[in-house]
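*Asks:* Please see the structure below; I have some questions.
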There are 2 protein chains.
Amino acid sequence: MRTTVGDFLISRLKEVGIGHVLGVPGDFNLQFLDQICRDGGLSFVGCCNELNAGYAADGYARIRGASALLLTYGVGDLSAICAIAGAAAEHVPVICITGAPPLEKMRKGLPLHHTLGTGDYADVMTCFAQFTAAQARLTPETAAAEIDRVIRTAVEMRRPVYLQLPSDVSHVEIEAPDTPLRAGRATSGERLAAALAHLTRIWDAASAPAILVDMDAERFGYAGELLDLAEATGTRFAALMTGKAILPEAHELSAGLYGGAASAPETRALVEGSDCLLVAGPRLIEVNSSHFTVRLPTETVALGDHSVEIAGETYYGVEPKALLTAFLARLPAAGRRSSNRRNAAGEAAFGGAQPLTQARLWPRMANFIRPDDVVLAESGTSNIGLTREVLPADVQYIASNIWGAIGYTLPATLGTCLAAPERRSLLFIGDGSFQLTAQELSTLLRLDRKPVIFLLNNRGYTIERFILGMTDAYNDVANWDYAGLPAVLSDRGNFYVRVAATEAELDAALALAEDADRLVLIELRLDAFDAPETLRRFGPATAEFDYGPLGPQRQTAA
Amino acid sequence: MRTTVGDFLISRLKEVGIGHVLGVPGDFNLQFLDQICRDGGLSFVGCCNELNAGYAADGYARIRGASALLLTYGVGDLSAICAIAGAAAEHVPVICITGAPPLEKMRKGLPLHHTLGTGDYADVMTCFAQFTAAQARLTPETAAAEIDRVIRTAVEMRRPVYLQLPSDVSHVEIEAPDTPLRAGRATSGERLAAALAHLTRIWDAASAPAILVDMDAERFGYAGELLDLAEATGTRFAALMTGKAILPEAHELSAGLYGGAASAPETRALVEGSDCLLVAGPRLIEVNSSHFTVRLPTETVALGDHSVEIAGETYYGVEPKALLTAFLARLPAAGRRSSNRRNAAGEAAFGGAQPLTQARLWPRMANFIRPDDVVLAESGTSNIGLTREVLPADVQYIASNIWGAIGYTLPATLGTCLAAPERRSLLFIGDGSFQLTAQELSTLLRLDRKPVIFLLNNRGYTIERFILGMTDAYNDVANWDYAGLPAVLSDRGNFYVRVAATEAELDAALALAEDADRLVLIELRLDAFDAPETLRRFGPATAEFDYGPLGPQRQTAA
């Protein structure tokens, strides 16, 4: 069919489930913005800056399965590359589109603004090639094929991709396919049969099978199959912290979190003592493995990206989901088990004039969370505090555990609110992190979104304090009047703000927030040197790991 | 001498004139922060986020000649890479130091947080290699030599550089030189003599010599020599917009701005008709050359980076400053000429209840500017509006003309305030730009800095409106209560805020700001569709250049 490059790109974005394009306008992308606006099926959401737009796109893609980010060349896309690298680390398919300088000028090597002024047009592309699974500079000759290749790669590999759309190319008419984009990879029947046979053999021989969940179970869409398998066979499951809440944590088969040496003994025994461990991924780094103390059994079935490794043998060209589906087909169907176990802690005796403490805060927060909520937990205190809590079923728990970028979750909340307006988005973020990307609160208010934001004000980078420099000024941040900020950013009163320093004040604020019809910002006043118990242990261990025997943490301790 | 890697790096930073390290703490750099704090001669200034810290470092280096930026690996340095690329484009020596993961762990290829989790430790370095003049990952074996090589490159080439300081390396003792870092390149005597002879020959034969200034005259420190030459010989000078205010614009020898076809006829005749044109750089892009209509004469002396090109012949190994000094030595000394011409426009009849307009605003602003002020003009309306105004002598005019990143100047103002606390820093910035990096106002207030901030509130990206989408929503931004923001960020009342919608209100605000003892934020309320005359022409020309004959700007016009 005849269409323009820009219109074809728009049609493919819609086809993979994208309804909003996040970004920042710039002279090299206005012509494509014009096409988006005329299309009518896709909304552009302007963010305050590009990094925020990138994080918002990440949040959006975690719910919708893909997202689109529109930036301008150099100043725009490079400002967001940290978010793209984060999406790569966390396996999130963000389609990053840059409005690039006119193709004709790039081909001539003309020095232009938003470049180094040297005629080099390879530098930005080289950067994005480090962190994206596919890249292309669109030309009229190749646009149709390249758009399909790159978008398909994003969707199939669950990774960010990068497209440069030169400003004079968007409106060029091309011949483009009118067939659907085929996303979803074909599993080889022969290889699947071999893998299934191998899996069946060791599973049937096992006396202690178990399941270990990591992020890829959600990203590649086979969490449901894992749960079905567990329930059909009564197999217990544990999760890495990077796979938190993907299977229901309150489920009677859940054995909680596993992370090597730091795990509960029974969870450790379940995983390490299994004689057939089905594991998604896993994506092991020092943070989710208690500094590489995870010990997986020999008889491990590792579900990978279009491959499965069974007891050391690798089967390429096999989708884990296809393997699990085939495996389930031979099992009798089983009824659902109970997923309704609730937190015991924090139920009772919360309230009164006692100051908020980290020890009592997180169980209370967990009880505020309902099934189907989207929970965004900022790296540091919030993620560490919530990780220990058992969350209800069907909560989507969003954190940046591998990339660990602070400031991520506030803009990501914009993304989740756009992607799932019918669900509650709950954000837990500390003051230090909030300040990195604070202005995106403006966009949430401009668009009348209704997240509940818990802002932990403890006047600094708490996680850093516990690693090094507990009282050093470099870990302090300015003490803003956070509760005053929404009124600066919106003159429409479309928000509630509350400040809670005591348990009773928090309870009152939670009652207000329960089903609020507008954005709620609750500032929690916490002691600067209080921290969740896990963080108190994590800090010194991190200092040892990072700085080694010559490090200052030993001098400080002396 | 015996010292640690970190302490040696600190000593070199101080040696090149750096007094403050800008950045954001992270677990991989806390150990170096600890060393900085113990040193006492260097202050760490924590910023709200890394991009802002990078822009602040750029502003600092433009005054002090170099700056240091301290970030953490991946999430930190990638967030600032746009600022580093900007420093490369604008020839600003920012020394970017990343606290990297432990060397031992990187050597083993262990997957860690703040990485993709694949054991790849080349990706971030590859990105920075695109935009920095030298890079190194410091190891105990090579640190002493690499620190000197990299810092010397920054200072000599006026370019950003990149150092990775692994977290377990800072405290390792090494043998380091106790001799000073030799910065400043030796000019070859023989080549200098040849270049001098050539220059003298064409200069003496010329009947219409002229000087054209660009940014490198300031960056490489020979603006004073150019002025001396002009005054000693009565030679008139013009400036590219990228070289604005480096030589005094009110000087009787100044012929104003030259930029090709858009220039005043007499300036164009001076430059294009010269038979010996001495030119710094030049860094010609579409923006400062009226879309490549600059025509330099054949007899051009182009002062480069450690090289000079004279009428087509290149002399490598010659510093422009050394050549100018040698050339000046053969001339009789001349007295200084007058630099006191003032703007005529805007002197009279400003005031009253008439609403602010772009046409009358900028001449009034120019008259507020005093000699020795630091003027930061944000890309877009502010820079375009101020560029046409004649500024007093010794003003340092800071803009991002080549890189053109919006959001740059607010954090850069933090840098200039730290670098030159005795000078007035005046910031001119639009609302759209302000929102990108707004939180850095917090750091200015936390440190009791006293810039005067002119915030042009016209509810959108005005420069984009005039390129495409004049009334389209994607060019709108949320309308903040800007005047309310300082009170949210600081509870110490260390600021004044004023809102001016009329000329009388602006006059009153300027009287307050004239010698204020604290930060002043003046919000200027302007019509959303008003723009400086230059911008009204620049917009459509840019649309034609960017989108070409098929672009939507032609459909809109139809």
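Chain identifiers are assigned as A, B, and so on, following the order in which chains appear in the structure tokens; residues are numbered from 1 within each chain, and ligands are numbered from 1 in order of appearance.
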Which residues come within 7 Å of region 412-425 of chain A, counting only C-alpha atoms, excluding same-chain residues fewer than 5 positions away, as a list in words?
*Replies:*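 Contacts, with the query itself left out: Tyr55, Ala56, Ala57, Asp58, Gly59, Tyr60, Ile63, Arg64, Asp372, Asp373, Val374, Val375, Leu444, Arg449, Pro451 and Val452 of chain A.
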*Asks:* Hey, which bits of chain A sit within 6 Å of chain B, and for each residue what's the closest pair of atoms and how far apart in Å (one decimal), counting only C-alpha atoms, rows by chain and increasing number, as JSON lines?
*Replies:*
```
{"residue": "A:Cys48", "atom": "CA", "partner": "B:Leu436", "partner_atom": "CA", "distance": 5.3}
{"residue": "A:Asn49", "atom": "CA", "partner": "B:Leu436", "partner_atom": "CA", "distance": 4.8}
{"residue": "A:Val75", "atom": "CA", "partner": "B:Ala405", "partner_atom": "CA", "distance": 5.3}
{"residue": "A:Leu78", "atom": "CA", "partner": "B:Cys82", "partner_atom": "CA", "distance": 5.1}
{"residue": "A:Ser79", "atom": "CA", "partner": "B:Cys82", "partner_atom": "CA", "distance": 5.2}
{"residue": "A:Cys82", "atom": "CA", "partner": "B:Leu78", "partner_atom": "CA", "distance": 5.1}
{"residue": "A:Ala89", "atom": "CA", "partner": "B:Leu116", "partner_atom": "CA", "distance": 4.2}
{"residue": "A:Pro102", "atom": "CA", "partner": "B:Asp546", "partner_atom": "CA", "distance": 5.6}
{"residue": "A:Pro111", "atom": "CA", "partner": "B:Ile285", "partner_atom": "CA", "distance": 5.2}
{"residue": "A:Leu112", "atom": "CA", "partner": "B:Ile285", "partner_atom": "CA", "distance": 4.9}
{"residue": "A:His113", "atom": "CA", "partner": "B:Ile402", "partner_atom": "CA", "distance": 4.8}
{"residue": "A:His114", "atom": "CA", "partner": "B:Trp403", "partner_atom": "CA", "distance": 4.5}
{"residue": "A:Thr115", "atom": "CA", "partner": "B:Trp403", "partner_atom": "CA", "distance": 6.0}
{"residue": "A:Leu116", "atom": "CA", "partner": "B:Ala89", "partner_atom": "CA", "distance": 4.2}
{"residue": "A:Asp123", "atom": "CA", "partner": "B:Gln130", "partner_atom": "CA", "distance": 5.5}
{"residue": "A:Cys127", "atom": "CA", "partner": "B:Cys127", "partner_atom": "CA", "distance": 4.8}
{"residue": "A:Gln130", "atom": "CA", "partner": "B:Asp123", "partner_atom": "CA", "distance": 5.5}
{"residue": "A:Ser167", "atom": "CA", "partner": "B:Tyr547", "partner_atom": "CA", "distance": 5.3}
{"residue": "A:Asp168", "atom": "CA", "partner": "B:Tyr547", "partner_atom": "CA", "distance": 4.3}
{"residue": "A:Ile285", "atom": "CA", "partner": "B:Leu112", "partner_atom": "CA", "distance": 4.9}
{"residue": "A:Glu286", "atom": "CA", "partner": "B:Leu112", "partner_atom": "CA", "distance": 5.7}
{"residue": "A:Ile402", "atom": "CA", "partner": "B:His113", "partner_atom": "CA", "distance": 4.8}
{"residue": "A:Trp403", "atom": "CA", "partner": "B:His114", "partner_atom": "CA", "distance": 4.5}
{"residue": "A:Gly404", "atom": "CA", "partner": "B:His114", "partner_atom": "CA", "distance": 5.8}
{"residue": "A:Ala405", "atom": "CA", "partner": "B:Val75", "partner_atom": "CA", "distance": 5.3}
{"residue": "A:Gln435", "atom": "CA", "partner": "B:Cys48", "partner_atom": "CA", "distance": 5.7}
{"residue": "A:Leu436", "atom": "CA", "partner": "B:Asn49", "partner_atom": "CA", "distance": 4.8}
{"residue": "A:Trp480", "atom": "CA", "partner": "B:Leu489", "partner_atom": "CA", "distance": 4.7}
{"residue": "A:Asp481", "atom": "CA", "partner": "B:Val488", "partner_atom": "CA", "distance": 4.7}
{"residue": "A:Gly484", "atom": "CA", "partner": "B:Val488", "partner_atom": "CA", "distance": 5.9}
{"residue": "A:Val488", "atom": "CA", "partner": "B:Asp481", "partner_atom": "CA", "distance": 4.7}
{"residue": "A:Leu489", "atom": "CA", "partner": "B:Trp480", "partner_atom": "CA", "distance": 4.7}
{"residue": "A:Asp546", "atom": "CA", "partner": "B:Pro102", "partner_atom": "CA", "distance": 5.6}
{"residue": "A:Tyr547", "atom": "CA", "partner": "B:Asp168", "partner_atom": "CA", "distance": 4.3}
{"residue": "A:Gly548", "atom": "CA", "partner": "B:Asp168", "partner_atom": "CA", "distance": 5.7}
```
*Asks:* Do you know which residues are at most 10 Å from Met215 (chain A) counting only C-alpha atoms, after dropping those on the same chain fewer than 3 positions away, and could you put them as a PyMOL selection string?
*Replies:* chain A and resi 90-91+218-221+223+239-246+280-283
*Asks:* Restrict the selected residues to all heavy atoms and save them as a compact mmCIF listing (two decimals), in the first residue's frame.
*Replies:*
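What follows is the written file out_11.txt:
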```txt
# COMPACT_ATOMS: atom_id res chain seq x y z
N GLU A 90 16.53 -4.04 32.30
CA GLU A 90 15.32 -4.59 32.93
C GLU A 90 14.41 -5.33 31.94
O GLU A 90 13.31 -5.71 32.30
CB GLU A 90 14.55 -3.45 33.61
CG GLU A 90 15.36 -2.66 34.66
CD GLU A 90 15.55 -3.42 35.98
OE1 GLU A 90 14.68 -4.24 36.29
OE2 GLU A 90 16.57 -3.18 36.65
N HIS A 91 14.87 -5.47 30.70
CA HIS A 91 14.10 -6.20 29.66
C HIS A 91 12.73 -5.57 29.40
O HIS A 91 11.69 -6.23 29.50
CB HIS A 91 13.95 -7.68 30.03
CG HIS A 91 15.25 -8.43 29.92
ND1 HIS A 91 15.35 -9.78 30.11
CD2 HIS A 91 16.51 -8.00 29.64
CE1 HIS A 91 16.61 -10.16 29.94
NE2 HIS A 91 17.33 -9.09 29.67
N GLU A 218 7.56 -12.69 33.65
CA GLU A 218 6.57 -11.67 33.31
C GLU A 218 6.84 -11.07 31.94
O GLU A 218 5.95 -10.91 31.11
CB GLU A 218 6.58 -10.58 34.37
CG GLU A 218 5.62 -9.46 34.07
CD GLU A 218 6.04 -8.19 34.76
OE1 GLU A 218 7.14 -7.66 34.43
OE2 GLU A 218 5.29 -7.73 35.62
N ARG A 219 8.10 -10.71 31.68
CA ARG A 219 8.42 -10.03 30.44
C ARG A 219 8.07 -10.87 29.22
O ARG A 219 7.60 -10.37 28.21
CB ARG A 219 9.92 -9.66 30.39
CG ARG A 219 10.44 -8.87 31.57
CD ARG A 219 9.82 -7.49 31.69
NE ARG A 219 10.64 -6.66 32.56
CZ ARG A 219 10.54 -6.56 33.88
NH1 ARG A 219 9.59 -7.25 34.52
NH2 ARG A 219 11.36 -5.80 34.59
N PHE A 220 8.32 -12.15 29.30
CA PHE A 220 8.05 -13.03 28.15
C PHE A 220 6.69 -13.72 28.26
O PHE A 220 6.36 -14.58 27.46
CB PHE A 220 9.18 -14.04 27.97
CG PHE A 220 10.44 -13.44 27.43
CD1 PHE A 220 11.42 -12.95 28.29
CD2 PHE A 220 10.64 -13.31 26.06
CE1 PHE A 220 12.58 -12.36 27.79
CE2 PHE A 220 11.79 -12.73 25.56
CZ PHE A 220 12.77 -12.25 26.42
N GLY A 221 5.92 -13.33 29.27
CA GLY A 221 4.51 -13.70 29.31
C GLY A 221 4.21 -15.14 29.65
O GLY A 221 3.21 -15.70 29.20
N ALA A 223 4.29 -16.23 33.03
CA ALA A 223 4.03 -16.34 34.47
C ALA A 223 2.78 -17.17 34.72
O ALA A 223 2.74 -17.99 35.67
CB ALA A 223 3.90 -14.94 35.08
N ALA A 239 10.80 -16.72 44.61
CA ALA A 239 11.12 -15.68 43.62
C ALA A 239 12.42 -14.99 44.01
O ALA A 239 12.70 -14.78 45.20
CB ALA A 239 9.99 -14.66 43.54
N LEU A 240 13.20 -14.67 43.01
CA LEU A 240 14.29 -13.72 43.24
C LEU A 240 13.67 -12.35 43.49
O LEU A 240 12.53 -12.10 43.08
CB LEU A 240 15.20 -13.65 42.01
CG LEU A 240 16.06 -14.89 41.77
CD1 LEU A 240 16.60 -14.90 40.34
CD2 LEU A 240 17.21 -14.95 42.78
N MET A 241 14.39 -11.43 44.13
CA MET A 241 13.79 -10.11 44.36
C MET A 241 13.49 -9.43 43.03
O MET A 241 12.56 -8.63 42.93
CB MET A 241 14.67 -9.23 45.25
CG MET A 241 15.98 -8.79 44.63
SD MET A 241 16.94 -7.69 45.72
CE MET A 241 16.03 -6.15 45.55
N THR A 242 14.24 -9.75 42.00
CA THR A 242 13.99 -9.22 40.66
C THR A 242 12.76 -9.86 40.01
O THR A 242 12.35 -9.44 38.93
CB THR A 242 15.22 -9.43 39.77
OG1 THR A 242 15.80 -10.71 40.08
CG2 THR A 242 16.27 -8.37 40.01
N GLY A 243 12.19 -10.86 40.68
CA GLY A 243 10.97 -11.48 40.18
C GLY A 243 9.82 -11.35 41.17
O GLY A 243 8.84 -12.08 41.08
N LYS A 244 9.96 -10.37 42.06
CA LYS A 244 8.99 -10.20 43.14
C LYS A 244 7.56 -10.01 42.61
O LYS A 244 7.33 -9.22 41.69
CB LYS A 244 9.37 -9.00 43.99
CG LYS A 244 8.39 -8.73 45.14
CD LYS A 244 8.81 -7.56 46.00
CE LYS A 244 7.72 -7.23 47.02
NZ LYS A 244 7.43 -8.33 47.97
N ALA A 245 6.63 -10.72 43.25
CA ALA A 245 5.19 -10.52 43.06
C ALA A 245 4.70 -10.89 41.66
O ALA A 245 3.56 -10.62 41.31
CB ALA A 245 4.76 -9.10 43.40
N ILE A 246 5.53 -11.54 40.87
CA ILE A 246 5.07 -11.98 39.54
C ILE A 246 4.13 -13.18 39.72
O ILE A 246 3.08 -13.24 39.11
CB ILE A 246 6.28 -12.29 38.64
CG1 ILE A 246 7.02 -10.99 38.32
CG2 ILE A 246 5.84 -13.02 37.38
CD1 ILE A 246 8.31 -11.16 37.59
N ALA A 280 13.06 -19.09 35.76
CA ALA A 280 12.96 -18.08 34.71
C ALA A 280 14.23 -17.25 34.74
O ALA A 280 14.55 -16.63 35.73
CB ALA A 280 11.75 -17.19 34.97
N GLY A 281 14.90 -17.20 33.64
CA GLY A 281 16.16 -16.47 33.60
C GLY A 281 17.29 -17.36 34.04
O GLY A 281 17.59 -18.31 33.35
N PRO A 282 17.83 -17.15 35.20
CA PRO A 282 17.69 -16.01 36.10
C PRO A 282 18.69 -14.92 35.75
O PRO A 282 19.69 -15.18 35.07
CB PRO A 282 18.03 -16.62 37.45
CG PRO A 282 19.07 -17.66 37.12
CD PRO A 282 18.75 -18.16 35.73
N ARG A 283 18.39 -13.69 36.20
CA ARG A 283 19.29 -12.55 35.98
C ARG A 283 20.04 -12.29 37.27
O ARG A 283 19.64 -11.44 38.05
CB ARG A 283 18.46 -11.31 35.60
CG ARG A 283 17.40 -11.51 34.53
CD ARG A 283 17.92 -11.34 33.11
NE ARG A 283 18.91 -10.30 32.98
CZ ARG A 283 18.62 -9.00 32.80
NH1 ARG A 283 17.39 -8.61 32.72
NH2 ARG A 283 19.59 -8.13 32.67
```
*Asks:* Give me, as a compact mmCIF listing (two decimals) with N, CA, C and O atoms, in the first residue's frame, the residues of region 197-388 of chain A that a backbone DSSP run labels strand (DSSP E).
*Replies:*
```
# COMPACT_ATOMS: atom_id res chain seq x y z
N PRO A 209 10.79 -31.25 43.02
CA PRO A 209 10.79 -30.18 42.02
C PRO A 209 10.42 -28.84 42.68
O PRO A 209 9.76 -28.83 43.72
N ALA A 210 10.86 -27.77 42.05
CA ALA A 210 10.55 -26.43 42.58
C ALA A 210 10.64 -25.43 41.43
O ALA A 210 11.17 -25.73 40.36
N ILE A 211 10.09 -24.25 41.68
CA ILE A 211 10.09 -23.19 40.67
C ILE A 211 10.72 -21.94 41.27
O ILE A 211 10.44 -21.59 42.41
N LEU A 212 11.58 -21.29 40.49
CA LEU A 212 12.19 -20.03 40.94
C LEU A 212 11.87 -18.97 39.88
O LEU A 212 12.20 -19.13 38.71
N VAL A 213 11.24 -17.89 40.31
CA VAL A 213 10.72 -16.90 39.36
C VAL A 213 11.65 -15.70 39.30
O VAL A 213 12.14 -15.23 40.31
N PHE A 237 6.93 -22.56 44.89
CA PHE A 237 7.76 -21.63 44.12
C PHE A 237 8.33 -20.55 45.01
O PHE A 237 7.73 -20.14 46.00
N ALA A 238 9.51 -20.11 44.63
CA ALA A 238 10.14 -18.96 45.28
C ALA A 238 10.42 -17.93 44.19
O ALA A 238 10.29 -18.21 43.00
N ALA A 239 10.80 -16.72 44.61
CA ALA A 239 11.12 -15.68 43.62
C ALA A 239 12.42 -14.99 44.01
O ALA A 239 12.70 -14.78 45.20
N SER A 254 3.57 -20.44 47.75
CA SER A 254 4.71 -19.53 47.71
C SER A 254 5.65 -19.78 48.88
O SER A 254 5.22 -19.90 50.03
N ALA A 255 6.91 -19.83 48.57
CA ALA A 255 7.93 -20.01 49.60
C ALA A 255 8.71 -18.73 49.82
O ALA A 255 9.77 -18.74 50.44
N GLY A 256 8.22 -17.62 49.30
CA GLY A 256 8.85 -16.33 49.57
C GLY A 256 10.02 -16.05 48.64
O GLY A 256 10.13 -16.62 47.56
N LEU A 257 10.88 -15.17 49.11
CA LEU A 257 11.99 -14.73 48.27
C LEU A 257 13.23 -15.56 48.52
O LEU A 257 13.56 -15.89 49.66
N CYS A 276 14.86 -30.80 40.58
CA CYS A 276 14.42 -30.32 39.26
C CYS A 276 13.89 -28.90 39.45
O CYS A 276 12.72 -28.71 39.78
N LEU A 277 14.76 -27.96 39.26
CA LEU A 277 14.41 -26.56 39.50
C LEU A 277 14.11 -25.86 38.17
O LEU A 277 14.98 -25.75 37.31
N LEU A 278 12.87 -25.41 38.05
CA LEU A 278 12.47 -24.66 36.86
C LEU A 278 12.67 -23.19 37.18
O LEU A 278 12.07 -22.67 38.11
N VAL A 279 13.53 -22.53 36.41
CA VAL A 279 13.84 -21.15 36.77
C VAL A 279 13.73 -20.23 35.55
O VAL A 279 14.20 -20.55 34.46
N ALA A 280 13.06 -19.09 35.76
CA ALA A 280 12.96 -18.08 34.71
C ALA A 280 14.23 -17.25 34.74
O ALA A 280 14.55 -16.63 35.73
N THR A 300 18.83 -28.10 36.76
CA THR A 300 18.08 -26.86 36.60
C THR A 300 17.57 -26.73 35.18
O THR A 300 18.29 -27.03 34.23
N VAL A 301 16.33 -26.30 35.07
CA VAL A 301 15.75 -25.99 33.77
C VAL A 301 15.67 -24.46 33.68
O VAL A 301 14.82 -23.84 34.32
N ALA A 302 16.60 -23.87 32.94
CA ALA A 302 16.67 -22.41 32.87
C ALA A 302 15.93 -21.94 31.62
O ALA A 302 16.34 -22.22 30.50
N LEU A 303 14.86 -21.19 31.84
CA LEU A 303 14.05 -20.68 30.73
C LEU A 303 14.68 -19.37 30.25
O LEU A 303 14.78 -18.41 31.02
N SER A 307 15.21 -19.76 24.14
CA SER A 307 16.04 -20.95 24.36
C SER A 307 15.76 -21.46 25.77
O SER A 307 15.26 -20.74 26.62
N VAL A 308 16.07 -22.72 25.95
CA VAL A 308 15.90 -23.34 27.26
C VAL A 308 17.14 -24.19 27.51
O VAL A 308 17.60 -24.89 26.63
N GLU A 309 17.66 -24.05 28.72
CA GLU A 309 18.80 -24.89 29.08
C GLU A 309 18.34 -25.89 30.13
O GLU A 309 17.86 -25.51 31.19
N ILE A 310 18.48 -27.17 29.81
CA ILE A 310 17.99 -28.22 30.72
C ILE A 310 19.17 -29.05 31.18
O ILE A 310 19.83 -29.70 30.38
N GLU A 313 22.19 -28.74 29.07
CA GLU A 313 22.05 -28.84 27.62
C GLU A 313 21.17 -27.72 27.09
O GLU A 313 20.09 -27.48 27.64
N THR A 314 21.62 -27.05 26.04
CA THR A 314 20.88 -25.88 25.55
C THR A 314 20.04 -26.22 24.33
O THR A 314 20.55 -26.79 23.36
N TYR A 315 18.78 -25.85 24.38
CA TYR A 315 17.88 -26.00 23.24
C TYR A 315 17.55 -24.62 22.69
O TYR A 315 16.74 -23.91 23.27
N TYR A 316 18.20 -24.25 21.60
CA TYR A 316 17.91 -22.98 20.95
C TYR A 316 16.60 -23.08 20.19
O TYR A 316 16.17 -24.17 19.81
N VAL A 374 -0.93 -1.27 40.83
CA VAL A 374 0.42 -1.13 40.28
C VAL A 374 1.26 -0.44 41.36
O VAL A 374 0.92 0.66 41.79
N VAL A 375 2.29 -1.11 41.81
CA VAL A 375 3.12 -0.60 42.90
C VAL A 375 4.49 -0.25 42.35
O VAL A 375 5.20 -1.11 41.84
N LEU A 376 4.87 1.00 42.45
CA LEU A 376 6.19 1.43 41.97
C LEU A 376 7.05 1.72 43.18
O LEU A 376 6.75 2.60 44.00
N ALA A 377 8.15 0.98 43.29
CA ALA A 377 9.01 1.07 44.46
C ALA A 377 10.38 1.59 44.04
O ALA A 377 11.15 0.90 43.36
```
*Asks:* With only C-alpha atoms as the counted atoms, please give the residues lying no more than 9 Å from Thr462 (chain B), apart from itself and same-chain residues fewer than 6 positions off, as a list in words.
*Replies:*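 Residues meeting the cut-off are Gly380, Thr381, Gly430, Gly432, Met470, Asn475, Asp476, Ala528, Phe529, Asp530 and Ala531 of chain B.
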*Asks:* Need the shell around Leu181 (chain A): protein/DNA/RNA residues with any atom at most 8 Å away, counting only C-alpha atoms. Skip same-chain ones fewer than 5 positions apart. Format as a VMD selection string?
*Replies:* chain A and resid 12 15 148 152
*Asks:* Counting only C-alpha atoms, which residue out of A:Leu456, A:Lys108, A:His306, A:Gly6 sits closest to Ala501 (chain A)?
*Replies:* A:Leu456
*Asks:* Using DSSP on the backbone coordinates, identify the residues of region 255-478 of chain A assigned to helix (DSSP H, G or I); present them as a count of residues only.
*Replies:* 72
*Asks:* Report, in Å with one decimal, the straight-line distance from CA of Ala232 (chain A) to CA of Pro332 (chain A).
*Replies:*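 Atom-to-atom, CA of Ala232 (chain A) to CA of Pro332 (chain A), that is 6.7 Å.
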*Asks:* Restricting the calculation to only C-alpha atoms: of A:Gly351, A:Arg492, A:Ile147, A:Thr409, which residue gets closest to Ala508 (chain A)?
*Replies:*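 Once distances to Ala508 (chain A) are computed over only C-alpha atoms, the minimum belongs to A:Gly351.
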*Asks:* CA of Leu323 (chain A) and CA of Gly273 (chain A) are how many Å apart?
*Replies:*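 So the answer is 23.8 Å.
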*Asks:* Closest to Arg137 (chain A) among A:Asp517, A:Val5, A:Leu247, A:Leu386, using only C-alpha atoms?
*Replies:* A:Val5
*Asks:* Enter the distance from CA of Arg2 (chain A) to CA of Asp39 (chain A), in Å, rounded to one decimal.
*Replies:* 15.7 Å
